file entry27.txt (compact mmCIF, C-alpha atoms)
# COMPACT_ATOMS: atom_id res chain seq x y z
CA MET A 352 -3.73 -4.38 0.56
CA GLY A 353 -0.72 -6.69 0.48
CA PRO A 354 0.82 -9.03 -0.34
CA LEU A 355 2.01 -7.11 -3.38
CA PHE A 356 3.59 -10.25 -4.79
CA THR A 357 2.99 -13.91 -4.12
CA ALA A 358 5.54 -16.72 -4.25
CA SER A 359 4.11 -17.98 -7.55
CA ASP A 360 4.38 -14.55 -9.14
CA GLU A 361 6.81 -14.38 -12.05
CA TRP A 362 8.24 -11.22 -10.52
CA SER A 363 9.14 -12.94 -7.26
CA PHE A 364 12.75 -13.68 -8.31
CA VAL A 365 13.29 -10.08 -9.38
CA ILE A 366 11.83 -8.83 -6.10
CA ALA A 367 14.00 -11.30 -4.17
CA LEU A 368 17.07 -10.02 -6.02
CA VAL A 369 16.25 -6.38 -5.27
CA ILE A 370 15.56 -7.14 -1.59
CA GLY A 371 18.74 -9.23 -1.42
CA ILE A 372 20.86 -6.40 -2.82
CA ALA A 373 19.27 -3.94 -0.40
CA PHE A 374 19.85 -6.34 2.50
CA GLY A 375 23.48 -6.86 1.50
CA TYR A 376 24.01 -3.11 1.17
CA ILE A 377 22.63 -2.52 4.67
CA LEU A 378 24.73 -5.35 6.13
CA GLU A 379 27.84 -3.87 4.57
CA SER A 380 26.93 -0.35 5.71
CA ALA A 381 26.49 -1.62 9.28
CA GLY A 382 29.97 -3.16 9.12
CA PHE A 383 28.69 -6.72 9.11
CA SER A 384 31.17 -7.83 6.50
CA SER A 385 33.83 -7.80 9.21
CA SER A 386 34.15 -11.07 11.07
CA ARG A 387 35.87 -9.24 13.96
CA LYS A 388 32.81 -7.08 14.43
CA LEU A 389 30.47 -10.05 14.20
CA ALA A 390 32.46 -12.22 16.59
CA GLY A 391 32.66 -9.30 19.03
CA VAL A 392 29.27 -10.25 20.43
CA PHE A 393 30.76 -13.49 21.78
CA TYR A 394 33.77 -11.78 23.37
CA GLY A 395 31.94 -8.75 24.71
CA TYR A 396 33.74 -5.99 22.85
CA ASP A 397 31.12 -5.27 20.17
CA PHE A 398 27.37 -5.90 20.47
CA VAL A 399 26.32 -4.19 17.30
CA VAL A 400 24.98 -7.47 15.84
CA LEU A 401 22.63 -8.00 18.72
CA GLN A 402 21.62 -4.34 18.72
CA VAL A 403 20.96 -4.19 14.97
CA PHE A 404 18.94 -7.40 14.86
CA PHE A 405 16.93 -6.54 17.96
CA THR A 406 16.19 -3.10 16.51
CA ALA A 407 15.16 -4.64 13.20
CA ALA A 408 12.93 -7.21 14.93
CA ILE A 409 11.06 -4.79 17.18
CA THR A 410 10.73 -2.09 14.51
CA ALA A 411 9.37 -4.61 12.00
CA ALA A 412 7.05 -6.21 14.57
CA VAL A 413 5.59 -2.88 15.74
CA GLY A 414 5.29 -1.70 12.14
CA LEU A 415 3.58 -4.88 10.94
CA LEU A 416 1.04 -4.86 13.76
CA PHE A 417 0.17 -1.23 12.98
CA PHE A 418 -0.05 -2.06 9.28
CA GLU A 419 -2.43 -4.85 10.12
CA TYR A 420 -4.45 -2.59 12.40
CA PHE A 421 -4.91 -0.09 9.59
CA GLY A 422 -5.79 -2.89 7.19
CA TRP A 423 -2.73 -2.33 4.98
CA ILE A 424 -1.43 -5.84 5.26
CA ASP A 425 -2.88 -9.29 5.75
CA LEU A 426 -0.58 -10.98 8.25
CA SER A 427 -2.20 -14.36 7.65
CA ALA A 428 -0.84 -14.20 4.08
CA ILE A 429 2.74 -14.00 5.33
CA TRP A 430 4.61 -17.28 5.21
CA VAL A 431 5.84 -18.53 8.57
CA ASN A 432 8.25 -21.45 8.62
CA ARG A 433 7.22 -24.63 10.38
CA PHE A 434 8.90 -25.24 13.71
CA TYR A 435 10.58 -28.62 14.12
CA THR A 436 11.77 -28.84 17.71
CA GLY A 437 14.75 -31.20 17.39
CA SER A 438 16.18 -29.82 14.18
CA ALA A 439 15.69 -26.23 15.38
CA ILE A 440 17.75 -26.92 18.53
CA LEU A 441 20.49 -28.84 16.71
CA GLY A 442 20.50 -26.43 13.77
CA GLY A 443 20.69 -23.48 16.16
CA ALA A 444 23.64 -25.04 17.98
CA ILE A 445 25.50 -25.76 14.71
CA MET A 446 24.76 -22.25 13.47
CA GLY A 447 26.04 -20.79 16.76
CA PHE A 448 29.26 -22.80 16.66
CA GLY A 449 29.77 -21.89 13.02
CA PHE A 450 29.21 -18.24 13.85
CA VAL A 451 31.68 -18.12 16.73
CA ILE A 452 34.33 -20.21 14.93
CA GLY A 453 34.04 -18.68 11.47
CA GLY A 454 33.03 -15.17 12.45
CA PHE A 455 30.20 -15.05 9.92
CA CYS A 456 26.66 -16.19 9.40
CA PRO A 457 25.59 -17.22 5.88
CA GLY A 458 24.27 -13.79 4.85
CA THR A 459 27.23 -11.83 6.16
CA SER A 460 29.70 -14.27 4.57
CA ALA A 461 28.07 -13.58 1.19
CA CYS A 462 28.32 -9.89 1.97
CA ALA A 463 32.04 -10.20 2.86
CA SER A 464 32.69 -12.30 -0.26
CA ALA A 465 31.06 -9.64 -2.40
CA ILE A 466 33.61 -7.06 -1.26
CA GLY A 467 36.48 -9.50 -1.84
CA LYS A 468 37.25 -10.77 1.65
CA ILE A 469 39.00 -14.14 1.47
CA ASP A 470 37.77 -15.34 4.89
CA GLY A 471 34.23 -14.61 3.75
CA MET A 472 34.76 -16.62 0.56
CA LEU A 473 36.18 -19.56 2.52
CA PHE A 474 33.23 -19.44 4.90
CA LEU A 475 30.79 -19.32 1.99
CA GLY A 476 32.59 -22.25 0.33
CA GLY A 477 32.32 -24.26 3.55
CA PHE A 478 28.67 -23.32 3.80
CA ILE A 479 28.01 -24.61 0.28
CA ILE A 480 29.92 -27.84 0.97
CA GLY A 481 27.80 -28.29 4.10
CA VAL A 482 24.60 -27.85 2.08
CA VAL A 483 25.78 -30.44 -0.48
CA ILE A 484 26.67 -32.94 2.27
CA PHE A 485 23.34 -32.35 4.00
CA ASP A 486 21.54 -32.98 0.73
CA ALA A 487 23.58 -36.09 -0.18
CA PHE A 488 22.87 -37.87 3.10
CA TYR A 489 19.42 -36.42 3.68
CA PRO A 490 17.37 -39.63 3.94
CA LEU A 491 19.53 -40.71 6.92
CA TYR A 492 18.20 -37.99 9.17
CA ASP A 493 14.82 -37.42 7.59
CA LYS A 494 12.97 -38.67 10.68
CA PHE A 495 14.90 -36.46 13.07
CA TYR A 496 14.63 -33.49 10.73
CA LYS A 497 10.85 -33.68 10.65
CA ALA A 498 10.29 -34.76 14.25
CA GLY A 499 8.44 -32.48 16.65
CA ASN A 500 6.64 -30.57 13.92
CA GLN A 501 4.68 -27.83 15.66
CA GLY A 502 3.54 -26.10 12.49
CA PRO A 503 3.98 -22.39 11.86
CA ILE A 504 3.73 -21.62 15.56
CA LYS A 505 4.59 -18.21 16.98
CA ILE A 506 6.23 -17.56 20.35
CA TYR A 507 3.25 -15.76 21.86
CA GLU A 508 1.00 -18.65 20.79
CA SER A 509 3.21 -21.23 22.46
CA LEU A 510 3.22 -19.09 25.62
CA GLY A 511 -0.54 -18.57 25.40
CA MET A 512 -0.04 -14.81 25.53
CA ASN A 513 -1.79 -11.92 23.89
CA ARG A 514 0.19 -10.88 20.81
CA GLU A 515 0.37 -7.16 21.61
CA VAL A 516 1.31 -7.73 25.27
CA PHE A 517 4.07 -10.09 24.15
CA LEU A 518 5.37 -7.45 21.75
CA LEU A 519 5.45 -4.81 24.50
CA LEU A 520 7.42 -7.16 26.77
CA PHE A 521 9.72 -8.01 23.88
CA VAL A 522 10.41 -4.31 23.21
CA LEU A 523 11.17 -3.76 26.90
CA PHE A 524 13.46 -6.79 26.90
CA ALA A 525 15.25 -5.49 23.80
CA ILE A 526 15.82 -2.11 25.47
CA PHE A 527 17.12 -3.86 28.58
CA ALA A 528 19.46 -5.92 26.36
CA PHE A 529 20.65 -2.68 24.71
CA VAL A 530 21.53 -1.06 28.02
CA ALA A 531 23.08 -4.24 29.48
CA THR A 532 25.26 -4.86 26.41
CA ALA A 533 26.32 -1.21 26.34
CA TYR A 534 27.56 -1.58 29.93
CA ILE A 535 29.36 -4.84 29.15
CA GLN A 536 30.92 -3.35 26.03
CA GLN A 537 32.19 -0.36 27.98
CA ARG A 538 33.62 -2.52 30.77
CA VAL A 539 35.39 -4.78 28.27
CA SER A 540 36.82 -1.89 26.27
CA GLN A 541 38.08 -0.19 29.49
CA LYS A 542 39.73 -3.44 30.55
CA SER A 543 41.46 -3.89 27.20
CA LYS A 544 42.72 -0.28 27.31
CA LYS A 545 44.49 -0.99 30.61
CA TYR A 546 46.66 -3.67 29.05
CA MET B 386 29.97 6.35 34.62
CA SER B 387 26.48 7.70 33.96
CA ASP B 388 23.86 6.25 31.60
CA LYS B 389 23.99 9.29 29.38
CA ARG B 390 27.55 8.62 28.37
CA ILE B 391 26.85 5.01 27.47
CA ILE B 392 23.45 5.37 25.82
CA LYS B 393 23.21 8.20 23.36
CA LYS B 394 20.25 10.54 23.54
CA ARG B 395 18.92 9.52 20.14
CA TYR B 396 18.81 5.91 21.27
CA ILE B 397 16.80 6.88 24.32
CA PHE B 398 14.42 8.76 22.03
CA MET B 399 14.06 5.77 19.68
CA ALA B 400 13.54 3.38 22.58
CA SER B 401 10.84 5.66 24.00
CA VAL B 402 9.07 5.89 20.63
CA LEU B 403 9.08 2.12 20.15
CA THR B 404 7.91 1.48 23.71
CA GLY B 405 5.16 4.07 23.27
CA LEU B 406 4.00 2.52 20.02
CA ALA B 407 4.03 -1.00 21.49
CA LEU B 408 2.04 0.27 24.48
CA LEU B 409 -0.39 1.94 22.10
CA LEU B 410 -0.94 -1.40 20.33
CA VAL B 411 -1.85 -2.96 23.68
CA LEU B 412 -4.25 -0.14 24.54
CA LEU B 413 -5.91 0.25 21.14
CA PRO B 414 -9.42 -1.19 21.03
CA GLU B 415 -9.51 -4.58 19.40
CA LYS B 416 -10.29 -4.16 15.77
CA HIS B 417 -12.06 -6.85 13.88
CA THR B 418 -9.71 -7.58 11.06
CA SER B 419 -11.55 -9.47 8.44
CA LYS B 420 -9.99 -12.75 7.41
CA GLU B 421 -12.56 -13.19 4.71
CA LEU B 422 -11.50 -14.11 1.23
CA LYS B 423 -11.38 -11.27 -1.25
CA PRO B 424 -14.26 -11.25 -3.75
CA GLU B 425 -11.87 -11.50 -6.72
CA GLN B 426 -10.21 -14.60 -5.29
CA LEU B 427 -13.55 -16.14 -4.37
CA LEU B 428 -14.76 -15.58 -7.92
CA GLN B 429 -11.63 -17.19 -9.28
CA GLU B 430 -12.09 -20.23 -7.02
CA ILE B 431 -15.76 -20.51 -7.96
CA ASN B 432 -14.83 -20.52 -11.65
CA ASP B 433 -12.25 -23.25 -11.37
CA ASN B 434 -13.78 -26.60 -10.54
CA THR B 435 -11.18 -27.92 -8.13
CA ARG B 436 -13.73 -28.01 -5.30
CA TYR B 437 -15.60 -30.88 -6.92
CA VAL B 438 -15.11 -34.48 -5.94
CA SER B 439 -16.85 -37.10 -8.07
CA THR B 440 -19.14 -39.73 -6.61
CA ASP B 441 -16.69 -42.37 -7.87
CA GLU B 442 -13.87 -40.78 -5.87
CA VAL B 443 -16.04 -40.65 -2.76
CA ALA B 444 -17.05 -44.29 -3.27
CA GLU B 445 -13.43 -45.33 -3.66
CA LYS B 446 -12.40 -43.49 -0.48
CA LEU B 447 -15.27 -45.06 1.45
CA ILE B 448 -14.43 -48.55 0.17
CA TYR B 449 -10.77 -48.16 1.14
CA GLY B 450 -11.75 -46.65 4.49
CA ASP B 451 -9.91 -43.36 3.93
CA ALA B 452 -9.60 -41.97 7.47
CA TYR B 453 -9.12 -38.45 6.13
CA LEU B 454 -12.48 -38.29 4.40
CA GLN B 455 -15.24 -36.49 6.27
CA LEU B 456 -18.59 -36.54 4.51
CA ILE B 457 -20.91 -33.75 5.58
CA ASP B 458 -24.61 -34.04 4.81
CA ILE B 459 -26.00 -30.52 4.65
CA ARG B 460 -29.64 -31.53 4.28
CA SER B 461 -32.15 -31.28 7.12
CA PHE B 462 -31.80 -33.47 10.17
CA ASP B 463 -34.97 -35.40 9.20
CA ASP B 464 -33.61 -36.14 5.73
CA PHE B 465 -30.29 -37.13 7.25
CA ARG B 466 -31.98 -39.48 9.68
CA LYS B 467 -33.91 -41.15 6.87
CA PHE B 468 -30.86 -41.70 4.74
CA HIS B 469 -27.23 -40.74 4.68
CA LEU B 470 -23.95 -41.99 3.32
CA LYS B 471 -21.70 -44.10 5.46
CA GLY B 472 -19.77 -42.10 8.06
CA ALA B 473 -21.44 -38.80 7.15
CA ILE B 474 -22.22 -36.20 9.78
CA ASN B 475 -25.08 -33.76 9.55
CA ILE B 476 -24.63 -30.01 9.52
CA PRO B 477 -27.76 -28.50 7.93
CA LEU B 478 -27.06 -25.61 5.58
CA ASP B 479 -29.13 -23.16 7.59
CA SER B 480 -27.11 -23.81 10.73
CA ILE B 481 -23.69 -24.00 9.13
CA LEU B 482 -22.85 -20.46 10.28
CA ASN B 483 -24.30 -20.79 13.77
CA LYS B 484 -22.31 -19.02 16.43
CA ASP B 485 -21.90 -19.84 20.09
CA GLU B 486 -22.32 -17.39 22.94
CA LYS B 487 -18.74 -16.18 22.49
CA GLY B 488 -19.40 -15.31 18.87
CA ASN B 489 -17.31 -18.14 17.41
CA TYR B 490 -18.60 -20.40 14.68
CA GLU B 491 -19.96 -23.55 16.32
CA TYR B 492 -18.68 -25.89 13.63
CA GLU B 493 -15.36 -24.16 12.94
CA ASP B 494 -13.36 -27.04 14.41
CA ILE B 495 -14.83 -29.30 11.74
CA LEU B 496 -15.20 -26.89 8.86
CA ASN B 497 -11.86 -25.08 9.11
CA GLN B 498 -8.98 -27.46 9.64
CA ASP B 499 -6.23 -29.04 7.60
CA VAL B 500 -6.33 -32.65 8.70
CA LYS B 501 -9.50 -34.06 7.16
CA THR B 502 -11.02 -33.52 3.75
CA ASN B 503 -14.60 -32.37 4.17
CA VAL B 504 -16.93 -33.30 1.32
CA PHE B 505 -20.37 -31.67 1.35
CA TYR B 506 -23.34 -33.28 -0.25
CA SER B 507 -27.04 -32.64 -0.59
CA ASN B 508 -29.58 -34.11 -3.01
CA GLY B 509 -28.06 -32.18 -5.92
CA THR B 510 -25.09 -29.86 -6.17
CA VAL B 511 -26.66 -26.44 -5.54
CA TYR B 512 -26.97 -26.48 -1.74
CA ALA B 513 -23.58 -28.11 -1.25
CA ASN B 514 -22.12 -25.40 -3.48
CA GLN B 515 -23.82 -22.74 -1.37
CA ALA B 516 -22.28 -24.22 1.77
CA TRP B 517 -18.87 -24.28 0.10
CA ILE B 518 -19.15 -20.65 -1.06
CA LEU B 519 -20.25 -19.46 2.41
CA LEU B 520 -17.28 -21.19 4.01
CA ARG B 521 -14.73 -20.15 1.39
CA ARG B 522 -15.87 -16.56 1.89
CA LEU B 523 -14.85 -17.02 5.53
CA ASN B 524 -11.56 -18.47 4.27
CA PHE B 525 -12.31 -21.87 5.80
CA LYS B 526 -10.13 -24.61 4.38
CA SER B 527 -10.32 -28.28 3.37
CA ASN B 528 -13.89 -28.18 2.08
CA TYR B 529 -15.09 -29.84 -1.13
CA VAL B 530 -18.36 -30.65 -2.87
CA MET B 531 -19.56 -34.03 -4.08
CA LYS B 532 -20.64 -33.19 -7.61
CA GLY B 533 -24.20 -34.17 -8.40
CA GLY B 534 -24.98 -35.00 -4.78
CA LEU B 535 -27.04 -38.01 -3.80
CA ASN B 536 -28.89 -38.06 -7.13
CA ARG B 537 -25.62 -38.59 -8.93
CA TRP B 538 -24.54 -41.09 -6.27
CA ILE B 539 -27.61 -43.22 -7.03
CA GLU B 540 -27.12 -42.88 -10.80
CA THR B 541 -23.46 -43.75 -10.81
CA VAL B 542 -22.55 -45.80 -7.77
CA ILE B 543 -25.74 -47.57 -6.81
CA GLN B 544 -27.44 -48.07 -10.15
CA PRO B 545 -24.72 -47.75 -12.77
CA GLN B 546 -25.80 -47.89 -16.40
CA ARG B 547 -24.05 -50.39 -18.60
CA PRO B 548 -22.08 -48.55 -21.29
CA LEU B 549 -22.82 -49.15 -24.97
CA PRO B 550 -20.88 -52.01 -26.58
CA THR B 551 -19.01 -49.41 -28.63
CA ALA B 552 -17.82 -47.58 -25.47
CA SER B 553 -14.15 -47.30 -24.66
CA GLN B 554 -12.28 -49.66 -22.37
CA GLU B 555 -12.01 -46.94 -19.72
CA GLU B 556 -15.79 -46.67 -19.58
CA PHE B 557 -16.05 -50.41 -19.04
CA TYR B 558 -13.42 -50.26 -16.28
CA LEU B 559 -15.41 -47.50 -14.65
CA TYR B 560 -18.62 -49.50 -15.04
CA ASN B 561 -16.99 -52.54 -13.42
CA PHE B 562 -15.75 -50.40 -10.54
CA ARG B 563 -19.21 -48.93 -10.09
CA ARG B 564 -20.80 -52.36 -10.07
CA ALA B 565 -18.34 -53.53 -7.46
CA ALA B 566 -19.01 -50.35 -5.47
CA SER B 567 -22.74 -50.91 -5.86
CA MET B 568 -22.36 -54.37 -4.34
CA PHE B 569 -20.19 -52.95 -1.56
CA PHE B 570 -22.82 -50.38 -0.67
CA GLY B 571 -25.62 -52.88 -0.85
CA GLY B 572 -26.59 -51.59 -4.36
CA GLY B 573 -29.78 -51.71 -6.33
CA SER B 574 -32.09 -49.20 -4.77
CA VAL B 575 -32.17 -46.11 -2.61
CA SER B 576 -33.69 -47.98 0.26
CA SER B 577 -30.90 -50.48 0.20
CA VAL B 578 -28.39 -47.64 0.30
CA ALA B 579 -30.20 -46.16 3.20
CA ALA B 580 -30.01 -49.48 4.91
CA GLU B 581 -26.29 -49.87 4.35
CA ASP B 582 -25.42 -47.62 7.22
CA ASN B 583 -27.20 -48.99 10.23
CA THR B 584 -24.74 -47.48 12.64
CA PRO B 585 -26.11 -44.60 14.69
CA ALA B 586 -25.48 -41.17 13.20
CA PRO B 587 -22.15 -39.78 14.45
CA ILE B 588 -22.39 -37.13 17.11
CA ILE B 589 -20.78 -33.83 16.19
CA LYS B 590 -18.85 -32.06 18.88
CA LYS B 591 -19.77 -28.41 18.72
CA LYS B 592 -18.01 -25.56 20.45
CA GLY B 593 -21.09 -24.42 22.34
CA GLY B 594 -22.58 -27.84 22.59
CA LYS B 595 -26.05 -26.62 23.52
CA LYS B 596 -28.00 -26.47 20.30
CA GLU B 597 -29.11 -29.57 18.45
CA GLU B 598 -28.70 -29.77 14.72
CA GLU B 599 -32.10 -29.19 13.23
CA GLY B 600 -33.89 -27.52 10.36
CA GLY B 601 -33.34 -28.12 6.71
CA CYS B 602 -32.51 -26.55 3.46
call {"tool": "encode", "arguments": {"input": "entry27.txt", "output": "structure tokens"}}
result
Amino acid sequence: MGPLFTASDEWSFVIALVIGIAFGYILESAGFSSSRKLAGVFYGYDFVVLQVFFTAAITAAVGLLFFEYFGWIDLSAIWVNRFYTGSAILGGAIMGFGFVIGGFCPGTSACASAIGKIDGMLFLGGFIIGVVIFDAFYPLYDKFYKAGNQGPIKIYESLGMNREVFLLLFVLFAIFAFVATAYIQQRVSQKSKKY
Amino acid sequence: MSDKRIIKKRYIFMASVLTGLALLLVLLPEKHTSKELKPEQLLQEINDNTRYVSTDEVAEKLIYGDAYLQLIDIRSFDDFRKFHLKGAINIPLDSILNKDEKGNYEYEDILNQDVKTNVFYSNGTVYANQAWILLRRLNFKSNYVMKGGLNRWIETVIQPQRPLPTASQEEFYLYNFRRAASMFFGGGSVSSVAAEDNTPAPIIKKKGGKKEEEGGC
């Protein structure tokens, strides 16, 4: 089975739209259109972002490996982005700064804009300006952008680990992160109540 | 403050389920998941002719020293030793799917990669096509077939026929290229082609490294 649709399929834009709406709906339902909630992860009073994304990652990973085991999906047909070391580190740092300063990431800013939040619209506008600037001056940093191309590498491959063992460790790490952040969140909220 | 008040019971349940499932994935016996190409897709690829490379294209790449071209002679080792194209390596058709002691394909490093362009040839097209189909079925990439094989190579590159005076300009351009190529490869006869590559046959690094290439098709 699977993939049900390929990138060249004429239905791919329709499918992308449906998935995008569903994704936006879930983000909004989880409260991710609030920059206060999103920025909470950096200040220790709300770790719901970390918890939601960790849950999504481990649920999807476990589900996909079972799907593959039962022959319902061909994992080799799933597109994996190429990993460029330098640009991944720099891009990650810029993304992190943008997140902590603006209180949104690109997807959640679109979500906030959709429900009429002005800060979300400003963030989205800045995001678009950034894309235009990146595009306009692209040849300048072409070499850096493409340096350290490691192909569509996966973490367990780079560690030389068995895929299933890595997933088990990742699930355990996620649970540990859940418990640890819950403690931190409680401590921070108790502290803020005192004042 | 106890754990129970921080972590809700349903979260503990979900965490246990996910841990259990992940553990189950580790413990499940390894299942051979086939990476083979689906018959429908294979049929589609067989019907389109994108796998073919013309002898002229091969000649051009050889003349310009294209480092990404890897010619693979799938005839027998004896035939290969008597005569082969410049830079070709020999992987006889009947040993193309040989496996090492670990059960991996011996020639997978060569036949399934995305750096070089492998071009198979035999005397005609049939055996090279068979090799291509076998490898596409296994979803191996970067493999092509030299259309017409060595027979076509001789006809077109080594002994090109002069086009009729009424032929188009393109045909004359092609003829001139072929004549130049013929001179490059020592042109004129099969024996002279055979003589053009006096360098020892390249050694293929196999995974197992024990068996010699032998046999024929």
call {"tool": "closest_residue", "arguments": {"input": "entry27.txt", "among": "A:Val365, A:Ala463, A:Ala528, A:Leu491", "to": "A:Leu378", "atoms": "only C-alpha atoms"}}
result
A:Ala463
call {"tool": "closest_residue", "arguments": {"input": "entry27.txt", "among": "A:Thr406, A:Ser464, A:Thr459, A:Asn432", "to": "chain B", "atoms": "all atoms listed in the file"}}
result
A:Thr406
call {"tool": "interface_residues", "arguments": {"input": "entry27.txt", "of": "chain B", "to": "chain A", "cutoff": "8 Å", "atoms": "all atoms listed in the file", "output": "PyMOL selection string"}}
result
chain B and resi 391-392+400+403-404+406-408+410-411+416+418+420
call {"tool": "residues_near_point", "arguments": {"input": "entry27.txt", "point": "(-31.2, -29.5, 7.3)", "cutoff": "12 Å", "atoms": "all atoms listed in the file", "output": "ChimeraX atom specification"}}
result
/B:457-467,474-481,506-508,512-513,516,597-602
call {"tool": "closest_residue", "arguments": {"input": "entry27.txt", "among": "B:Pro424, B:Pro414, B:Gly534, B:Gly405", "to": "B:Arg521", "atoms": "only C-alpha atoms"}}
result
B:Pro424
call {"tool": "atom_distance", "arguments": {"input": "entry27.txt", "atom1": "atom CA of B:Gln455", "atom2": "atom CA of B:Val504"}}
result
6.1 Å
